[in-house]
Amino acid sequence: MMKANEIVELVDKFSGGKLKEKDGFEFLLSIAIENNLMDLIDEIAFHSKFLWRVFSFLKSGRKFQEIDEEIYKGRIIAQINETVEKIRNLILRVIDASSEDEKRNFVQKYLETDMEGFERFINLVHDFYWLKNWKIDGSTKSPW
């Protein structure tokens with residue numbers, strides 16, 4: 001099995017140097033590798049890809065075509081909230097295998113509900129989006 005720092009390096013290279021939260025990303029990968037939790041990492045990556053694509057669509061300013069935008073806006077907001085909560089819970093399951101100090105520090109940095117914490121969380125989602133893309137397109141064999 002690859003080491004966390006090797007995975008981060010390969011994913012960063014695959015993304016063209018676009019990873020935003022390498023330390024937190026590597027921390028989660030390390031815990032998952034050490035504790036045989038890579039299935040949770042795969043789930044985080046799956047949900048992250050969906051969430052990042054929705055955010056990218058919304059940030060692009062593109063409009064829905066020929067649909068009642070208000071109906072879909074409500075559904076999208078509900079899906080975003082649900083997906084954020086899924087990813088958050090999966091991350092908590094991964095970091096549960098770390099020390100109390102590491103858990104507390106990670107939660108304070110990435111899972112707090114203030115704007116800075118949410119921005120770092122979204123950056124982490126972005127990095128997991130790239131992990132999912134790398135696993136699909138960039139790696140010749142499954143790294144785990």
# chains A, B, ... in the order shown; residues from 1 in each chain; ligands from 1
>>> select_by_dssp(residues="chain A", states="alpha helix (DSSP H)", output="count of residues only")
100
>>> closest_residue(among="A:Phe57, A:Phe121, A:Tyr72, A:Tyr129", to="Ile44 in chain A", atoms="only C-alpha atoms")
A:Tyr129
>>> closest_residue(among="A:Lys109, A:Asp96, A:Ser48, A:Arg104", to="Glu82 in chain A", atoms="only C-alpha atoms")
A:Ser48
>>> residues_around(residues="Leu92 in chain A", least_positions_apart="5", cutoff="9 Å", atoms="only C-alpha atoms", output="list in words")
Ile87, Lys103 and Val107 of chain A
>>> closest_residue(among="A:Arg88, A:Lys132, A:Lys3, A:Arg75", to="Leu111 in chain A", atoms="only C-alpha atoms")
A:Arg88
>>> residues_around(residues="Glu21 in chain A", least_positions_apart="3", cutoff="7 Å", atoms="only C-alpha atoms", output="PyMOL selection string")
chain A and resi 24-25+123-124+127
>>> closest_residue(among="A:Leu58, A:Ser98, A:Gly16, A:Gln108", to="Arg120 in chain A", atoms="only C-alpha atoms")
A:Gln108
>>> residues_around(residues="Lys18 in chain A", least_positions_apart="2", cutoff="9 Å", atoms="only C-alpha atoms", output="PyMOL selection string")
chain A and resi 12-16+20+126-127+130
>>> write_last_selection(atoms="N, CA and C atoms", output="PDB file, in the first residue's frame")
ATOM      1  N   ASP A  12      -1.619  15.599  -6.285  1.00  0.00           N
ATOM      2  CA  ASP A  12      -1.285  17.001  -6.537  1.00  0.00           C
ATOM      3  C   ASP A  12      -0.709  17.165  -7.940  1.00  0.00           C
ATOM      4  N   LYS A  13       0.162  16.245  -8.321  1.00  0.00           N
ATOM      5  CA  LYS A  13       0.740  16.294  -9.665  1.00  0.00           C
ATOM      6  C   LYS A  13      -0.358  16.113 -10.710  1.00  0.00           C
ATOM      7  N   PHE A  14      -1.249  15.143 -10.485  1.00  0.00           N
ATOM      8  CA  PHE A  14      -2.364  14.889 -11.405  1.00  0.00           C
ATOM      9  C   PHE A  14      -3.266  16.116 -11.545  1.00  0.00           C
ATOM     10  N   SER A  15      -3.467  16.845 -10.444  1.00  0.00           N
ATOM     11  CA  SER A  15      -4.353  18.015 -10.460  1.00  0.00           C
ATOM     12  C   SER A  15      -3.688  19.258 -11.046  1.00  0.00           C
ATOM     13  N   GLY A  16      -2.408  19.152 -11.345  1.00  0.00           N
ATOM     14  CA  GLY A  16      -1.684  20.326 -11.839  1.00  0.00           C
ATOM     15  C   GLY A  16      -1.318  21.273 -10.710  1.00  0.00           C
ATOM     16  N   LYS A  20      -5.400  22.146  -2.148  1.00  0.00           N
ATOM     17  CA  LYS A  20      -5.481  23.345  -1.306  1.00  0.00           C
ATOM     18  C   LYS A  20      -5.236  23.085   0.177  1.00  0.00           C
ATOM     19  N   HIS A 126     -12.451  19.800  -2.143  1.00  0.00           N
ATOM     20  CA  HIS A 126     -11.795  19.997  -3.441  1.00  0.00           C
ATOM     21  C   HIS A 126     -10.660  18.982  -3.622  1.00  0.00           C
ATOM     22  N   ASP A 127      -9.859  18.788  -2.571  1.00  0.00           N
ATOM     23  CA  ASP A 127      -8.744  17.843  -2.657  1.00  0.00           C
ATOM     24  C   ASP A 127      -9.242  16.407  -2.825  1.00  0.00           C
ATOM     25  N   TRP A 130     -10.243  15.774  -6.333  1.00  0.00           N
ATOM     26  CA  TRP A 130      -9.092  15.417  -7.165  1.00  0.00           C
ATOM     27  C   TRP A 130      -8.639  13.981  -6.908  1.00  0.00           C
TER      28      TRP A 130
END
>>> atom_distance(atom1="CA of Ile95 in chain A", atom2="CA of Met1 in chain A")
19.7 Å
>>> atom_distance(atom1="CA of Val94 in chain A", atom2="CA of Leu40 in chain A")
7.0 Å
>>> atom_distance(atom1="CA of Glu43 in chain A", atom2="CA of Glu102 in chain A")
21.7 Å
>>> closest_residue(among="A:Gly17, A:Val125, A:Asn35, A:Asp23", to="Phe50 in chain A", atoms="only C-alpha atoms")
A:Val125
>>> closest_residue(among="A:Leu131, A:Ile136, A:Ile76, A:Leu90", to="Ala45 in chain A", atoms="only C-alpha atoms")
A:Leu131
